[in-house]
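Please read the structure below before turning to the comments.
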Amino acid sequence: MTEENKGTIESTPAPERRPNNRRNNNRNKNPQNRQAGEAKGEVKPTSSQNRPNRGSSSNRRRPATATDEDLRAFVVKNQEAHKQRLNPHFKLDLNSNAKVRITPLGGLGEIGGNIAVFETEKEAILIDVGMSFPDGEMHGVDILIPDFSYIREIRHKIVGVIITHAHEDHIGAMPYLFKEMQFPIYGTPLPLAMIGSKFDEHHIKEHRKYFVPVEKRQIYKIGNDFEIEWMHMTHSIIDSSSLAITTAAGTIIHTGDFKIDHTPVDGYTADLHRLAYYGEKGVLCLLSDSTNSYNTAPTPSELAVAPALDRVFSKAEGRVLLSTFSSNIHRVQQAIQYGIKYGRKVCVIGRSMERNLEVAMQYDYLRFPKNVFIDVEELPHLNDKEILIVTTGSQGEPSSALFRMAIGEHRHVKIKPTDLIILSSRAIPGNEGSISNMLNFLQRAGARVSSDKDIHVSGHASIEEQKLMLRLVNPKFFLPVHGEFNHVTKHKETAMLCGVPERNILLMTDGEQIEVAPKYMRKVKTVKTGKTYIDNQNNHQIEDDIVLDRQKLATDGIVMIVAQVDNQTSKMTAKPRVTSFGLVADKQDKYFANEMEDVLEHFLMHMKDGLIENPKALENDLRQVVRKHIYRKLKKYPLIVPHVLVQ
Ligand SMILES: [Zn+2]
């Protein structure tokens, strides 16, 4: 498709030129054609030999021989048909003044933490409320949740929270939002059940009353301004959805996380038909998953791990321990199936793994006979060859069951040399170190570890699937989402290859508000975003300044100075006490203390008049002097805690 036929907004065609109308006209004119079994549209030969045999006077509309002009005319007609088919513009109401504002508050410029606001003049919805993980510098922080400032600002407009799927980076921050403010939560059963168990954990069970379960392929009116359909999607968690969000401005498709799996384990393929339906009707804007924007090879089906699982299970001599993401129910299901096939009982270890499996079985997403499962206490009574342990810890998390087994600190399971460990997952960027660390422990304990590539498949669309999505939806505007800047940039390139003009694509970052209307899409403003730090031990927030102090302590150490100064003479009455941590080695402590003493003396000698009466200002000035001195000598900015006692 060229830019001209897609990009010009003036190109609204007259209705009679639409392919549909044309087809209808033909049908009306030639009813006999259809009755003669030609509905498929095959062209009957019209040579003179054939005609007499038909014995009909109602000779067809076509001349005996199609002339060059005829063929050329049909080439033009077909070109026109393609142009109309591929041009999304004429399907939108360009006279409408309606518009929608889209603001990602998380999930852009990062992987995870997905949350977005869709807003009309009077109403707003939130799409997903996810969490993300801290980087190595955020000491003592377990999870990150989005800054809710903007949501507070527009809370009176919010008519619902819309959930695409049950991954932590899409629902993990729900309890924190709901402790502060509540709205109806619309979602399919599994995501709601998973949010429910989070609410229970956070002692806000009563907020389950906000659940509104939805049925896929139905359209729900939410508030006055939004109509939403959940369309089934394949992903690395079951019961995922894409959304068709229809507003007065047009329909916006949000893919959620997706891959296109034609042979999913449960047989529920991605609902491409509904996407195509909206694509045919005309889509204002597409927001699509950019996580795997660089993957050129198509993402394999979840079923593709089956042969590899079969192979490793068939060869295992002792126990098998399989670790994967606890939310990947289909992977767990396949593991259990091969366990059963090779005569093993299944022991599930790890809190999130147990909880997710329980929810999946409770709501009939998974069916296994109860006697397949055994408790951890029963393990000693079985032969090793009869045991499959399904567990958490595929990312090498030190608190996970597998890690504790690896270092010999798990209460029930110690790693044996005959064990086979299957890591059925990829390393989330940033976790490579901890995974490698765990591998060292597992192998030191003598176990064999299988982490072949073919034992895991991704849950996200590769380039070819992204193209399929773009072609099915055929949007006028495109907003690549879910990914760091380089991922969305790559996705933009793919969209341009699929005919979306560059000017119709915007690359967003968190907090940027985009206004989209049938005639235009533009950035309008930036709202406050950021991350709130959470301590998982008590589920409480850690204030920003605490984390900053910890960073300083970790990188530059701390110096504490206690000095007594005579009020009259401005001289120290005793030697100052200097204590430092993480700055100089123990053996240099004395030397360092002497140095600080000199600095103090010098400072007191040249002190401004009147400063001694103002202890706060005195300590501040002293801090500056010490900071300068330490930076000059050690190139460090430690935390400096001066106490000057004036007597
Ligand atoms: Zn996901």
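Each chain in the structure tokens gets a letter, A, B, ..., in the order shown, and its residues are numbered from 1; ligands are numbered from 1 in order too.
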- [ ] Fewer than 2 positions away in the same chain doesn't count, so skip those; otherwise give me all residues within 7 Å of stretch 606-623 of chain A, counting only C-alpha atoms, as a PyMOL selection string.
- [x] chain A and resi 602-604+625-627+640+642-644
Would you save the residues from that selection as a CSV table (one decimal), in the first residue's frame, using all heavy atoms?
chain,number,residue,atom,x,y,z
A,602,HIS,N,39.9,23.9,61.6
A,602,HIS,CA,40.0,24.9,60.5
A,602,HIS,C,38.7,25.6,60.3
A,602,HIS,O,38.6,26.8,60.3
A,602,HIS,CB,40.5,24.3,59.2
A,602,HIS,CG,40.8,25.2,58.2
A,602,HIS,ND1,42.0,25.9,58.1
A,602,HIS,CD2,40.1,25.7,57.1
A,602,HIS,CE1,42.0,26.7,57.1
A,602,HIS,NE2,40.9,26.6,56.5
A,603,PHE,N,37.6,24.8,60.3
A,603,PHE,CA,36.3,25.4,60.1
A,603,PHE,C,35.9,26.3,61.3
A,603,PHE,O,35.4,27.4,61.1
A,603,PHE,CB,35.3,24.2,60.0
A,603,PHE,CG,33.8,24.6,60.1
A,603,PHE,CD1,33.2,25.2,59.1
A,603,PHE,CD2,33.1,24.3,61.3
A,603,PHE,CE1,31.9,25.6,59.2
A,603,PHE,CE2,31.8,24.7,61.4
A,603,PHE,CZ,31.2,25.4,60.3
A,604,LEU,N,36.2,25.9,62.5
A,604,LEU,CA,35.8,26.6,63.7
A,604,LEU,C,36.6,28.0,63.7
A,604,LEU,O,36.1,29.0,64.1
A,604,LEU,CB,36.1,25.8,65.0
A,604,LEU,CG,35.1,24.6,65.1
A,604,LEU,CD1,35.6,23.7,66.2
A,604,LEU,CD2,33.7,25.1,65.4
A,625,VAL,N,31.6,21.7,54.4
A,625,VAL,CA,33.0,21.7,54.5
A,625,VAL,C,33.6,20.2,54.4
A,625,VAL,O,34.5,19.9,53.7
A,625,VAL,CB,33.5,22.4,55.8
A,625,VAL,CG1,35.0,22.2,56.0
A,625,VAL,CG2,33.1,23.9,55.7
A,626,VAL,N,32.9,19.4,55.2
A,626,VAL,CA,33.4,18.0,55.3
A,626,VAL,C,33.2,17.3,53.9
A,626,VAL,O,34.0,16.6,53.4
A,626,VAL,CB,32.7,17.2,56.4
A,626,VAL,CG1,33.0,15.8,56.3
A,626,VAL,CG2,33.0,17.8,57.8
A,627,ARG,N,32.0,17.6,53.3
A,627,ARG,CA,31.7,17.0,52.0
A,627,ARG,C,32.8,17.4,51.0
A,627,ARG,O,33.3,16.5,50.3
A,627,ARG,CB,30.3,17.5,51.5
A,627,ARG,CG,30.0,17.0,50.1
A,627,ARG,CD,28.6,17.3,49.7
A,627,ARG,NE,27.7,16.5,50.5
A,627,ARG,CZ,26.5,17.0,51.0
A,627,ARG,NH1,26.2,18.3,50.7
A,627,ARG,NH2,25.7,16.3,51.7
A,640,ILE,N,26.7,12.5,55.5
A,640,ILE,CA,27.5,13.1,56.5
A,640,ILE,C,26.5,13.5,57.7
A,640,ILE,O,25.5,14.2,57.4
A,640,ILE,CB,28.3,14.3,56.0
A,640,ILE,CG1,29.3,13.8,55.0
A,640,ILE,CG2,29.0,15.0,57.2
A,640,ILE,CD1,29.8,14.9,54.1
A,642,PRO,N,26.7,15.4,61.0
A,642,PRO,CA,27.5,16.1,62.1
A,642,PRO,C,26.6,16.4,63.3
A,642,PRO,O,25.4,16.7,63.1
A,642,PRO,CB,27.8,17.4,61.3
A,642,PRO,CG,26.8,17.6,60.3
A,642,PRO,CD,26.1,16.3,60.0
A,643,HIS,N,27.2,16.3,64.5
A,643,HIS,CA,26.5,16.7,65.7
A,643,HIS,C,27.5,17.7,66.4
A,643,HIS,O,28.5,17.2,66.9
A,643,HIS,CB,26.2,15.5,66.6
A,643,HIS,CG,25.0,14.8,66.2
A,643,HIS,ND1,23.8,15.3,66.3
A,643,HIS,CD2,24.9,13.5,65.7
A,643,HIS,CE1,22.9,14.4,65.9
A,643,HIS,NE2,23.6,13.3,65.5
A,644,VAL,N,27.1,18.9,66.5
A,644,VAL,CA,28.0,19.9,67.2
A,644,VAL,C,27.3,20.3,68.5
A,644,VAL,O,26.2,20.8,68.4
A,644,VAL,CB,28.3,21.1,66.3
A,644,VAL,CG1,29.3,22.0,67.1
A,644,VAL,CG2,29.0,20.6,65.0
- [ ] Please identify all polymer residues within 10 Å of stretch 282-289 of chain A, counting only C-alpha atoms, omitting same-chain residues fewer than 6 positions from it, and present them as a PyMOL selection string.
- [x] chain A and resi 87-93+242-247+249-259+275-276+460-462+466+469-470+473-483+487-488+491+504-505+516-521
- [ ] With only C-alpha atoms and all ligand atoms counted, collect every polymer residue having an atom within 10 Å of ligand 1; state the result as a PyMOL selection string.
- [x] chain A and resi 112+114+164-171+234-238+240+256-259+289+291+327-328+459-460+482
- [ ] Determine the nearest neighbour of A:Ser197 from the options A:Ile514, A:Met174, A:Ile219, A:Ala585, counting only C-alpha atoms.
- [x] A:Met174
TODO: Find the spatial neighbours of A:Val159, counting only C-alpha atoms, within a cut-off of 8 Å - ignore same-chain residues fewer than 3 positions away - and output them as an MDAnalysis selection string.
DONE: chainID A and resid 123:125 183:184 222:223
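Each of A:Glu119, A:Glu484, A:Glu137, A:Asp364 was checked against A:Pro429 using only C-alpha atoms; the smallest atom-to-atom distance is that of A:Glu484.
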Open item on the list: When you look at stretch 550-552 of chain A with a cut-off of 12 Å (counting only C-alpha atoms), what residues show up, excluding the ones that are within fewer than 3 positions of it in the same chain? I need them as a list in words.
Closed with: Asp135, Gly136, Glu137, Met138, His139, Gly140, Val141, Ile542, Glu543, Asp544, Asp545, Ile546, Val547, Thr555, Asp556, Gly557, Ile558, Val559, Phe581, Gly582, Leu583, Lys636, Tyr637, Pro638, Leu639 and Ile640 of chain A
DSSP-assigned alpha helix (DSSP H) among stretch 153-337 of chain A, expressed as a PDB file with C-alpha atoms, in the first residue's frame:
ATOM      1  CA  GLU A 153      -6.702  13.824  39.978  1.00  0.00           C
ATOM      2  CA  GLU A 168       1.483  -9.549  37.679  1.00  0.00           C
ATOM      3  CA  ASP A 169       2.605  -6.749  35.389  1.00  0.00           C
ATOM      4  CA  HIS A 170      -1.078  -6.180  34.560  1.00  0.00           C
ATOM      5  CA  ILE A 171      -2.855  -6.781  37.891  1.00  0.00           C
ATOM      6  CA  MET A 174      -4.587  -3.654  42.114  1.00  0.00           C
ATOM      7  CA  PRO A 175      -4.613  -4.125  45.920  1.00  0.00           C
ATOM      8  CA  TYR A 176      -2.599  -0.923  46.401  1.00  0.00           C
ATOM      9  CA  LEU A 177      -4.982   1.077  44.203  1.00  0.00           C
ATOM     10  CA  PHE A 178      -8.048  -0.410  45.847  1.00  0.00           C
ATOM     11  CA  LYS A 179      -6.876   0.323  49.368  1.00  0.00           C
ATOM     12  CA  GLU A 180      -7.094   3.954  48.338  1.00  0.00           C
ATOM     13  CA  PRO A 189     -12.949 -15.024  35.362  1.00  0.00           C
ATOM     14  CA  LEU A 190      -9.289 -16.009  35.767  1.00  0.00           C
ATOM     15  CA  PRO A 191      -7.924 -12.454  36.107  1.00  0.00           C
ATOM     16  CA  LEU A 192     -10.720 -11.642  38.581  1.00  0.00           C
ATOM     17  CA  ALA A 193     -10.006 -14.805  40.577  1.00  0.00           C
ATOM     18  CA  MET A 194      -6.304 -13.906  40.715  1.00  0.00           C
ATOM     19  CA  ILE A 195      -7.105 -10.343  41.796  1.00  0.00           C
ATOM     20  CA  GLY A 196      -9.438 -11.878  44.374  1.00  0.00           C
ATOM     21  CA  SER A 197      -6.651 -13.908  45.954  1.00  0.00           C
ATOM     22  CA  LYS A 198      -4.520 -10.743  46.086  1.00  0.00           C
ATOM     23  CA  PHE A 199      -7.346  -8.900  47.827  1.00  0.00           C
ATOM     24  CA  ASP A 200      -7.563 -11.756  50.341  1.00  0.00           C
ATOM     25  CA  GLU A 201      -3.836 -11.560  50.989  1.00  0.00           C
ATOM     26  CA  LEU A 272      -8.811 -13.454  14.867  1.00  0.00           C
ATOM     27  CA  HIS A 273     -12.320 -13.277  13.460  1.00  0.00           C
ATOM     28  CA  ARG A 274     -13.394 -10.553  15.871  1.00  0.00           C
ATOM     29  CA  LEU A 275     -10.234  -8.585  15.158  1.00  0.00           C
ATOM     30  CA  ALA A 276     -10.946  -8.909  11.448  1.00  0.00           C
ATOM     31  CA  TYR A 277     -14.551  -7.887  12.060  1.00  0.00           C
ATOM     32  CA  TYR A 278     -13.441  -4.633  13.654  1.00  0.00           C
ATOM     33  CA  GLY A 279     -10.761  -4.194  11.007  1.00  0.00           C
ATOM     34  CA  GLU A 280     -13.422  -4.447   8.317  1.00  0.00           C
ATOM     35  CA  LYS A 281     -15.670  -1.989  10.163  1.00  0.00           C
ATOM     36  CA  ALA A 306       5.782 -31.042  24.257  1.00  0.00           C
ATOM     37  CA  PRO A 307       8.400 -33.094  22.327  1.00  0.00           C
ATOM     38  CA  ALA A 308      11.246 -31.663  24.404  1.00  0.00           C
ATOM     39  CA  LEU A 309       9.386 -32.347  27.642  1.00  0.00           C
ATOM     40  CA  ASP A 310       8.654 -35.893  26.500  1.00  0.00           C
ATOM     41  CA  ARG A 311      12.306 -36.435  25.654  1.00  0.00           C
ATOM     42  CA  VAL A 312      13.680 -35.242  28.985  1.00  0.00           C
ATOM     43  CA  PHE A 313      11.006 -37.024  31.016  1.00  0.00           C
ATOM     44  CA  SER A 314      11.645 -40.272  29.148  1.00  0.00           C
ATOM     45  CA  LYS A 315      15.345 -40.165  30.032  1.00  0.00           C
ATOM     46  CA  ILE A 329      -0.773 -22.769  33.634  1.00  0.00           C
ATOM     47  CA  HIS A 330      -0.465 -24.509  30.286  1.00  0.00           C
ATOM     48  CA  ARG A 331       3.219 -25.205  30.842  1.00  0.00           C
ATOM     49  CA  VAL A 332       2.438 -26.631  34.266  1.00  0.00           C
ATOM     50  CA  GLN A 333      -0.364 -28.646  32.702  1.00  0.00           C
ATOM     51  CA  GLN A 334       1.966 -30.140  30.103  1.00  0.00           C
ATOM     52  CA  ALA A 335       4.565 -30.933  32.738  1.00  0.00           C
ATOM     53  CA  ILE A 336       1.973 -32.734  34.830  1.00  0.00           C
ATOM     54  CA  GLN A 337       0.751 -34.649  31.780  1.00  0.00           C
TER      55      GLN A 337
END
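Here atom CA of A:Val524 and atom CA of A:Glu502 stand 18.6 Å from one another.
The interatomic distance for the pair atom CA of A:Asn295 and atom CA of A:Lys523 works out to 29.1 Å.
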Open item on the list: As an exercise, work out the distance from atom CA of A:Ile151 to atom CA of A:Lys492 in Å and give it to one decimal place.
Closed with: 28.4 Å
